[in-house]
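S.K.: Pasting work_24.txt below, which is compact mmCIF, C-alpha atoms and all ligand atoms.
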```txt
# COMPACT_ATOMS: atom_id res chain seq x y z
CA MET A 1 -123.22 33.09 76.47
CA GLN A 2 -125.86 34.53 74.18
CA THR A 3 -123.26 35.39 71.52
CA ILE A 4 -121.62 32.01 71.70
CA THR A 5 -124.96 30.26 71.33
CA ALA A 6 -125.94 32.39 68.37
CA ALA A 7 -122.60 31.77 66.66
CA LEU A 8 -122.95 28.06 67.26
CA LEU A 9 -126.45 28.04 65.81
CA ILE A 10 -125.31 29.89 62.69
CA HIS A 11 -122.44 27.47 62.28
CA LEU A 12 -124.76 24.49 62.64
CA SER A 13 -127.26 25.87 60.16
CA LEU A 14 -124.49 26.54 57.61
CA LEU A 15 -123.26 23.03 58.12
CA SER A 16 -126.68 21.50 57.50
CA CYS A 17 -127.22 23.74 54.46
CA GLY A 18 -123.89 22.58 53.13
CA LEU A 19 -124.89 18.96 53.51
CA LEU A 20 -128.23 19.45 51.81
CA ALA A 21 -127.09 21.73 49.01
CA GLN A 22 -124.75 19.35 47.21
CA THR A 23 -124.27 20.40 43.62
CA PRO A 24 -125.15 17.64 41.15
CA PRO A 25 -122.26 16.97 38.76
CA GLU A 26 -122.39 18.53 35.29
CA THR A 27 -121.95 15.15 33.65
CA TRP A 28 -122.54 11.59 34.80
CA LYS A 29 -121.28 8.45 33.08
CA GLU A 30 -123.94 5.75 33.27
CA HIS A 31 -122.78 2.40 34.59
CA TRP A 32 -125.99 0.46 35.10
CA PHE A 33 -127.62 -2.32 33.10
CA GLU A 34 -126.83 -1.71 29.42
CA HIS A 35 -126.73 2.08 29.91
CA ASN A 36 -123.37 3.68 29.15
CA GLN A 37 -124.12 7.25 28.04
CA LEU A 38 -122.30 10.32 29.26
CA ILE A 39 -125.38 12.23 30.35
CA LYS A 40 -125.36 15.99 30.86
CA ARG A 41 -127.04 18.06 33.52
CA VAL A 42 -129.62 20.39 31.96
CA PHE A 43 -131.37 21.62 35.10
CA TYR A 44 -131.12 21.40 38.86
CA ASN A 45 -132.37 22.95 42.06
CA ASN A 46 -132.46 21.74 45.67
CA ASP A 47 -135.09 19.09 44.88
CA ILE A 48 -134.20 17.68 41.47
CA ALA A 49 -131.45 17.33 38.88
CA VAL A 50 -132.36 16.61 35.24
CA TYR A 51 -129.94 14.88 32.85
CA PHE A 52 -130.24 14.33 29.09
CA ASP A 53 -128.18 12.24 26.72
CA ASP A 54 -127.14 13.83 23.42
CA GLN A 55 -130.20 12.58 21.55
CA VAL A 56 -132.64 14.53 23.70
CA GLY A 57 -133.37 18.13 22.70
CA PRO A 58 -132.48 21.19 24.78
CA SER A 59 -133.74 21.66 28.34
CA ILE A 60 -137.53 21.51 28.39
CA ALA A 61 -139.46 23.72 30.78
CA TRP A 62 -142.53 21.52 31.25
CA LEU A 63 -140.31 18.56 32.10
CA ASN A 64 -138.35 20.39 34.80
CA THR A 65 -141.56 21.73 36.30
CA PHE A 66 -143.39 18.42 36.26
CA VAL A 67 -140.50 16.40 37.71
CA ASN A 68 -139.99 19.05 40.37
CA ASP A 69 -143.66 19.21 41.36
CA ALA A 70 -144.16 15.44 41.35
CA TRP A 71 -141.09 14.92 43.54
CA TRP A 72 -142.01 17.78 45.84
CA HIS A 73 -145.51 16.31 46.31
CA THR A 74 -143.99 12.87 46.93
CA LYS A 75 -141.76 14.17 49.72
CA ARG A 76 -144.60 16.16 51.25
CA VAL A 77 -146.76 13.04 51.45
CA TYR A 78 -144.27 10.24 52.15
CA GLY A 79 -141.31 11.98 53.79
CA ASN A 80 -137.63 12.18 52.95
CA TYR A 81 -135.44 10.00 50.74
CA GLY A 82 -131.89 10.22 52.02
CA THR A 83 -129.73 13.09 53.18
CA GLU A 84 -129.53 14.73 49.78
CA ASN A 85 -133.26 14.08 49.31
CA ARG A 86 -133.01 14.93 45.64
CA LEU A 87 -134.42 13.17 42.58
CA TYR A 88 -132.03 12.60 39.65
CA ALA A 89 -134.17 12.34 36.52
CA VAL A 90 -132.36 10.85 33.51
CA PHE A 91 -133.85 11.04 30.01
CA HIS A 92 -132.96 9.29 26.79
CA THR A 93 -134.70 9.37 23.43
CA ASP A 94 -135.31 6.18 21.48
CA LYS A 95 -132.83 4.37 23.67
CA TYR A 96 -133.32 1.51 26.07
CA SER A 97 -136.84 0.31 26.68
CA GLY A 98 -139.16 1.73 29.30
CA GLY A 99 -137.71 3.14 32.46
CA HIS A 100 -136.26 2.05 35.76
CA PRO A 101 -135.79 3.48 39.23
CA SER A 102 -133.02 3.39 41.75
CA THR A 103 -132.88 4.74 45.28
CA TYR A 104 -130.42 6.46 47.54
CA MET A 105 -130.05 3.13 49.35
CA SER A 106 -128.47 1.42 46.33
CA SER A 107 -124.90 1.86 45.10
CA SER A 108 -125.94 0.80 41.57
CA HIS A 109 -126.73 4.46 40.77
CA ASP A 110 -124.21 6.04 43.17
CA ASN A 111 -126.71 6.18 46.04
CA ARG A 112 -128.96 8.64 44.30
CA ASN A 113 -132.71 8.58 43.87
CA VAL A 114 -132.99 8.01 40.12
CA ILE A 115 -135.67 7.69 37.49
CA ASP A 116 -134.09 6.67 34.18
CA CYS A 117 -136.55 7.03 31.31
CA GLY A 118 -135.68 5.65 27.89
CA PRO A 119 -137.96 5.81 24.93
CA TYR A 120 -139.74 9.11 24.28
CA SER A 121 -139.04 12.55 22.77
CA TRP A 122 -140.10 14.41 25.95
CA LYS A 123 -141.10 17.41 23.83
CA ASN A 124 -144.76 17.82 24.63
CA GLY A 125 -145.56 16.20 27.94
CA ASP A 126 -147.82 13.54 26.46
CA ASP A 127 -149.80 11.28 28.77
CA HIS A 128 -147.38 8.37 28.34
CA GLU A 129 -144.44 10.61 29.22
CA LEU A 130 -146.01 11.92 32.43
CA ALA A 131 -147.13 8.42 33.35
CA LEU A 132 -143.67 6.91 32.89
CA ILE A 133 -141.99 9.60 34.99
CA THR A 134 -144.54 9.22 37.77
CA HIS A 135 -144.54 5.43 37.58
CA GLU A 136 -140.80 5.36 38.27
CA ILE A 137 -141.21 7.73 41.23
CA ALA A 138 -143.87 5.34 42.56
CA HIS A 139 -141.17 2.66 42.61
CA ILE A 140 -138.83 4.87 44.63
CA VAL A 141 -141.65 5.30 47.16
CA GLU A 142 -142.33 1.57 47.47
CA LEU A 143 -138.62 0.68 47.52
CA SER A 144 -137.27 3.14 50.07
CA SER A 145 -139.94 4.97 52.08
CA LYS A 146 -139.26 5.55 55.78
CA ASN A 147 -135.57 4.69 55.20
CA ILE A 148 -136.24 0.98 54.75
CA GLY A 149 -135.30 -0.78 51.54
CA GLY A 150 -137.36 -3.24 49.53
CA SER A 151 -141.04 -3.58 48.64
CA PRO A 152 -142.74 -6.46 50.48
CA ALA A 153 -146.00 -5.74 48.64
CA MET A 154 -144.51 -6.00 45.16
CA ALA A 155 -145.08 -9.75 45.45
CA VAL A 156 -148.81 -8.99 45.60
CA TRP A 157 -149.36 -5.92 43.43
CA GLY A 158 -146.70 -6.55 40.75
CA ASP A 159 -145.11 -3.74 38.74
CA SER A 160 -147.92 -1.30 38.17
CA LYS A 161 -150.91 -1.60 40.54
CA TRP A 162 -149.42 0.53 43.31
CA ALA A 163 -148.11 2.93 40.69
CA GLU A 164 -151.63 3.52 39.35
CA ILE A 165 -153.08 4.93 42.54
CA PHE A 166 -149.84 6.82 43.18
CA ILE A 167 -150.04 8.42 39.72
CA TYR A 168 -153.72 9.26 40.20
CA ASP A 169 -152.88 11.04 43.45
CA VAL A 170 -149.94 12.97 41.96
CA TYR A 171 -152.12 14.22 39.08
CA LYS A 172 -154.90 15.16 41.48
CA TYR A 173 -152.66 17.20 43.75
CA LEU A 174 -150.76 18.81 40.88
CA GLY A 175 -154.06 19.97 39.40
CA LYS A 176 -153.62 17.85 36.28
CA ASN A 177 -157.35 17.20 36.09
CA ASP A 178 -157.54 16.16 32.44
CA GLN A 179 -154.76 13.61 32.81
CA MET A 180 -156.29 12.43 36.09
CA GLN A 181 -159.66 11.84 34.44
CA ARG A 182 -158.07 10.00 31.54
CA VAL A 183 -156.10 7.57 33.71
CA TYR A 184 -159.18 7.08 35.89
CA ASN A 185 -161.24 6.13 32.83
CA ILE A 186 -158.59 3.63 31.73
CA TRP A 187 -157.87 2.01 35.07
CA ILE A 188 -161.44 1.84 36.36
CA ASN A 189 -162.15 -0.51 33.44
CA GLN A 190 -158.91 -2.44 33.52
CA ALA A 191 -158.91 -6.11 34.51
CA ASP A 192 -155.79 -8.06 35.46
CA ASP A 193 -155.23 -11.77 35.79
CA PHE A 194 -153.69 -11.64 39.27
CA PRO A 195 -154.22 -12.69 41.95
CA ARG A 196 -157.13 -14.19 39.95
CA ALA A 197 -158.72 -13.65 36.54
CA ASN A 198 -160.84 -10.49 36.22
CA THR A 199 -159.30 -8.62 39.12
CA PHE A 200 -160.12 -4.93 38.93
CA TRP A 201 -157.32 -3.55 41.10
CA PHE A 202 -158.13 0.11 40.70
CA ARG A 203 -161.93 -0.17 40.74
CA ASP A 204 -162.30 -2.68 43.58
CA TRP A 205 -159.24 -2.10 45.72
CA PHE A 206 -157.12 1.02 45.49
CA TYR A 207 -159.66 3.62 44.41
CA PRO A 208 -162.26 2.73 47.08
CA ILE A 209 -159.59 2.74 49.80
CA TYR A 210 -158.10 5.99 48.52
CA SER A 211 -161.39 7.82 48.20
CA LYS A 212 -163.00 6.60 51.44
CA TYR A 213 -160.14 6.57 53.92
CA GLY A 214 -158.12 9.72 53.42
CA GLU A 215 -156.58 9.76 49.93
CA ASN A 216 -152.77 10.03 50.06
CA ALA A 217 -152.81 9.92 53.86
CA VAL A 218 -153.95 6.29 53.73
CA LEU A 219 -151.29 5.52 51.11
CA ASN A 220 -148.63 6.98 53.35
CA ARG A 221 -149.98 5.16 56.41
CA PHE A 222 -149.47 1.86 54.62
CA TYR A 223 -145.73 2.57 54.48
CA GLU A 224 -145.69 3.78 58.07
CA GLN A 225 -147.34 0.53 59.20
CA LEU A 226 -144.88 -1.53 57.15
CA ALA A 227 -141.88 0.33 58.55
CA GLN A 228 -143.12 -0.08 62.08
CA TYR A 229 -144.17 -3.73 62.00
CA PHE A 230 -143.00 -5.74 58.98
CA PRO A 231 -139.91 -8.01 59.46
CA LYS A 232 -136.58 -6.42 58.58
CA ASN A 233 -132.91 -7.25 58.37
CA GLY A 234 -131.19 -4.02 59.30
CA ASN A 235 -132.64 -1.37 57.04
CA GLN A 236 -134.08 -3.85 54.50
CA TYR A 237 -137.36 -5.72 54.59
CA SER A 238 -136.51 -9.37 54.95
CA ARG A 239 -139.25 -10.94 52.82
CA GLY A 240 -142.32 -10.37 50.66
CA MET A 241 -145.83 -10.37 52.08
CA ASN A 242 -148.69 -12.77 51.43
CA MET A 243 -152.25 -11.75 50.58
CA GLY A 244 -153.53 -12.02 54.15
CA GLU A 245 -150.73 -9.79 55.39
CA PHE A 246 -151.42 -7.39 52.55
CA VAL A 247 -155.07 -7.01 53.57
CA HIS A 248 -154.10 -6.70 57.23
CA PHE A 249 -151.60 -3.90 56.62
CA TRP A 250 -153.99 -2.01 54.37
CA SER A 251 -156.68 -2.42 57.03
CA GLY A 252 -154.35 -0.86 59.55
CA ALA A 253 -153.64 1.98 57.14
CA ALA A 254 -157.31 2.60 56.38
CA GLY A 255 -158.37 2.26 60.00
CA VAL A 256 -161.05 -0.29 59.11
CA ASN A 257 -161.17 -4.04 58.45
CA LEU A 258 -160.90 -4.40 54.67
CA LYS A 259 -161.73 -8.10 54.44
CA ASP A 260 -165.03 -7.36 52.64
CA GLN A 261 -163.29 -5.03 50.20
CA ALA A 262 -160.62 -7.69 49.60
CA THR A 263 -163.26 -10.33 49.05
CA GLN A 264 -164.87 -8.17 46.38
CA ALA A 265 -161.53 -7.37 44.74
CA PHE A 266 -159.60 -10.63 45.01
CA GLY A 267 -161.97 -13.28 46.27
CA TRP A 268 -161.37 -14.83 49.68
CA THR A 269 -159.86 -18.29 49.97
CA SER A 270 -159.22 -20.37 53.07
CA ASP A 271 -155.51 -19.69 52.51
CA TYR A 272 -156.16 -15.94 52.57
CA ASP A 273 -158.25 -16.33 55.69
CA ASN A 274 -155.50 -18.26 57.51
CA GLN A 275 -152.89 -15.75 56.42
CA PHE A 276 -155.11 -12.87 57.53
CA ARG A 277 -155.63 -14.36 61.00
CA GLN A 278 -151.93 -15.13 61.37
CA ALA A 279 -151.07 -11.58 60.34
CA GLN A 280 -153.48 -10.18 62.90
CA SER A 281 -151.82 -12.13 65.67
CA ALA A 282 -148.24 -11.61 64.44
CA PHE A 283 -148.70 -7.85 63.95
CA PRO A 284 -151.36 -6.88 66.48
CA PHE A 285 -152.11 -3.30 65.49
CA PRO A 286 -155.74 -2.10 65.61
CA TYR A 287 -157.89 -1.00 62.68
CA ASP A 288 -159.24 2.10 64.40
CA ALA A 289 -156.41 4.49 63.58
CA GLY A 290 -158.64 6.86 61.69
CA VAL A 291 -162.25 6.78 62.86
CA ALA A 292 -162.52 10.54 62.39
CA LYS A 293 -160.96 12.32 59.43
CA PHE A 294 -160.27 16.04 59.15
CA TYR A 295 -159.87 18.21 56.08
CA HIS A 296 -158.99 21.84 55.58
CA GLY A 297 -161.05 22.34 52.41
CA CYS A 298 -164.73 22.15 51.47
CA PRO A 299 -166.07 19.70 50.57
CA SER A 300 -163.74 17.18 52.20
CA THR A 301 -160.64 18.21 50.29
CA GLY A 302 -157.14 18.81 51.56
CA PHE A 303 -156.86 15.87 53.90
CA PHE A 304 -155.22 16.69 57.23
CA ALA A 305 -155.30 13.56 59.35
CA GLY A 306 -157.36 10.67 60.64
CA LEU A 307 -157.53 10.40 64.40
CA PRO A 308 -158.28 7.47 66.68
CA VAL A 309 -160.38 7.80 69.82
CA GLY A 310 -158.79 10.27 72.21
CA ASP A 311 -158.63 13.81 73.54
CA TYR A 312 -156.70 16.34 71.48
CA ARG A 313 -155.61 19.66 72.90
CA LEU A 314 -154.14 22.10 70.36
CA SER A 315 -150.62 20.77 70.95
CA ASP A 316 -151.87 17.21 70.31
CA MET A 317 -153.71 18.34 67.18
CA ARG A 318 -150.52 19.92 65.87
CA LYS A 319 -148.56 16.72 66.41
CA LYS A 320 -151.09 15.02 64.11
CA GLY A 321 -150.71 17.68 61.43
CA LEU A 322 -153.86 19.66 62.27
CA HIS A 323 -153.70 23.45 62.44
CA ASN A 324 -155.52 25.87 64.73
CA ASP A 325 -158.76 27.33 63.33
CA ASP A 326 -158.27 25.58 60.00
CA ILE A 327 -160.53 22.51 59.94
CA SER A 328 -163.32 22.85 57.36
CA SER A 329 -164.75 19.39 57.02
CA ILE A 330 -165.03 16.22 59.09
CA VAL A 331 -165.95 12.62 58.29
CA VAL A 332 -166.73 10.41 61.29
CA ASN A 333 -167.11 6.64 60.99
CA PRO A 334 -170.40 5.10 62.16
CA GLY A 335 -170.49 4.45 65.91
CA TYR A 336 -168.25 7.42 66.80
CA TYR A 337 -168.61 11.13 67.37
CA VAL A 338 -166.37 14.15 67.60
CA GLN A 339 -166.83 16.88 70.20
CA LEU A 340 -165.56 20.19 68.82
CA PHE A 341 -164.30 23.06 70.97
CA GLU A 342 -163.80 26.69 70.06
CA HIS A 343 -160.76 27.15 72.32
CA ASP A 344 -157.77 25.12 73.43
CA ASN A 345 -158.08 22.80 76.42
CA PHE A 346 -161.71 21.96 75.59
CA GLY A 347 -162.93 25.49 76.29
CA GLY A 348 -165.41 27.92 74.74
CA GLY A 349 -168.28 26.92 72.50
CA SER A 350 -168.75 23.25 71.73
CA MET A 351 -170.64 21.02 69.33
CA ARG A 352 -170.98 17.25 68.79
CA VAL A 353 -170.74 15.94 65.21
CA THR A 354 -171.37 12.52 63.68
CA GLY A 355 -171.23 11.27 60.10
CA THR A 356 -170.06 13.44 57.24
CA HIS A 357 -169.79 17.22 57.53
CA SER A 358 -168.43 18.09 54.13
CA CYS A 359 -168.47 21.79 54.91
CA LEU A 360 -168.57 23.16 58.44
CA THR A 361 -169.60 26.62 57.22
CA THR A 362 -173.21 25.44 57.42
CA THR A 363 -172.90 24.97 61.18
CA GLY A 364 -170.74 28.00 61.90
CA TRP A 365 -167.71 25.86 62.80
CA ASN A 366 -165.53 26.44 59.77
CA ASP A 367 -161.95 27.41 60.72
CA ARG A 368 -162.93 27.65 64.36
CA ILE A 369 -161.79 24.42 66.05
CA SER A 370 -158.95 24.65 68.59
CA SER A 371 -159.31 21.37 70.48
CA LEU A 372 -161.43 18.25 70.09
CA GLN A 373 -162.38 14.85 71.42
CA VAL A 374 -162.96 11.68 69.37
CA ARG A 375 -165.25 9.26 71.20
CA LYS A 376 -167.04 5.95 70.63
CA PHE A 377 -170.70 5.77 71.47
CA ALA A 378 -171.39 3.53 74.44
CA GLY A 379 -172.86 0.10 73.65
ZN ZN B 401 -129.98 5.61 31.29
```
For the structure just supplied, provide its representation as structure tokens.

M.R.:
Amino acid sequence: MQTITAALLIHLSLLSCGLLAQTPPETWKEHWFEHNQLIKRVFYNNDIAVYFDDQVGPSIAWLNTFVNDAWWHTKRVYGNYGTENRLYAVFHTDKYSGGHPSTYMSSSHDNRNVIDCGPYSWKNGDDHELALITHEIAHIVELSSKNIGGSPAMAVWGDSKWAEIFIYDVYKYLGKNDQMQRVYNIWINQADDFPRANTFWFRDWFYPIYSKYGENAVLNRFYEQLAQYFPKNGNQYSRGMNMGEFVHFWSGAAGVNLKDQATQAFGWTSDYDNQFRQAQSAFPFPYDAGVAKFYHGCPSTGFFAGLPVGDYRLSDMRKKGLHNDDISSIVVNPGYYVQLFEHDNFGGGSMRVTGTHSCLTTTGWNDRISSLQVRKFAG
């Protein structure tokens, strides 16, 4: 029996490798929009395939590395994109304007995740080149995360507002600190005319949410909430969302009611208020998903997870993405506390923490927590 089982397991693992390790074709004839080039594969691995048309120079190392790292980070944060799970990155020079995405859910690009980037030389990795690549990946995330097609929030945030915080996060986690600072300086001062004049999307909405409620974990939770609750037809979202729904879903993602933040960012009309109340009753998820947040770096870097009130043995911690003896900083919302335990099953030494502990080394609890309880203070 043992031998048979082992043979079966080997067979199954070969089969799954075979499915995942499809070889991207050497050439690909474009058949979308006005694109009609015979593009050639210049690089590929298990995560990406890079294609150039004849006007682009030879394979460029920085480009392969950046596309690979950005896509790898995207999958780590937001999950998988289809069985092949690969990004096809197509580059032109001085051809077609801007860029466009496609996803594995669309036959327009042969059911591949695609970023098709038109205008630049791609020689030096200039800011506008990195931004265009990452902007198109942001569209793939909004259009096909959690295996559901369509972007209900595009009706609210337009083409680029989601992409800005997505790009900021990619740069941050890829260690592109100079580029990150430059886009921050641009977007923190940038006003848009929607949903009203002088809306500072980055300054008053996305950056505060990102920095206060768990960075890319809160971004990912938005898509998890959408996939779980927003109306669908099969594997497609069935409609766009209104502003009240938008604030409700982001509140669920952040684990806190964001009405005040929305009021500051967008103003608050009676329409918004009605929509917000209707959304709360139509999609009755709570806003306390992340009252305590855990990080594996000091100070408060390397976000692990936000936890609601509850008891977490080591096995429960692991299900939430937390590792044994690896928590280094904790941020607890007002009105709550976390009881830390040295051993599993709430054993060994223990300490109660409230507020922000940006580095647990000062209390002797760094990399020492093996179970924990998140509790609300009585009254
Ligand atoms: Zn193209």

S.K.: Could you give me, as a ChimeraX atom specification, every polymer residue with an atom at most 7 Å away from an atom of ligand ZN 401 (chain B), counting only C-alpha atoms and all ligand atoms?

M.R.: /A:30,35,37,90-92,116-118

S.K.: Looking at all atoms listed in the file, which of A:Ser211, A:Ser270, A:Asn324, A:Thr65 is the one that sits closest to Ser370 (chain A)?

M.R.: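 Among A:Ser211, A:Ser270, A:Asn324, A:Thr65, it is A:Asn324 that comes nearest to Ser370 (chain A).
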
S.K.: Which of these, A:Asn46, A:Gln236, A:Asn68, A:Gln179, has the shortest distance to Ser106 (chain A) once you count all atoms listed in the file?

M.R.: A:Gln236

S.K.: Once 6 Å is added on each side, what centre and edge lengths in Å to one decimal does the axis-aligned box around all listed atoms of region 361-370 of chain A have, as lines of an AutoDock Vina configuration file?

M.R.:
```
center_x = -166.1
center_y = 26.2
center_z = 62.9
size_x = 26.3
size_y = 15.6
size_z = 23.4
```

S.K.: Which residue out of A:Ser97, A:Gln261, A:Asn220, A:Asn274 has the minimum interatomic distance to Gly244 (chain A) when only C-alpha atoms are used?

M.R.: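 Ranking A:Ser97, A:Gln261, A:Asn220, A:Asn274 by distance to Gly244 (chain A), first place goes to A:Asn274.
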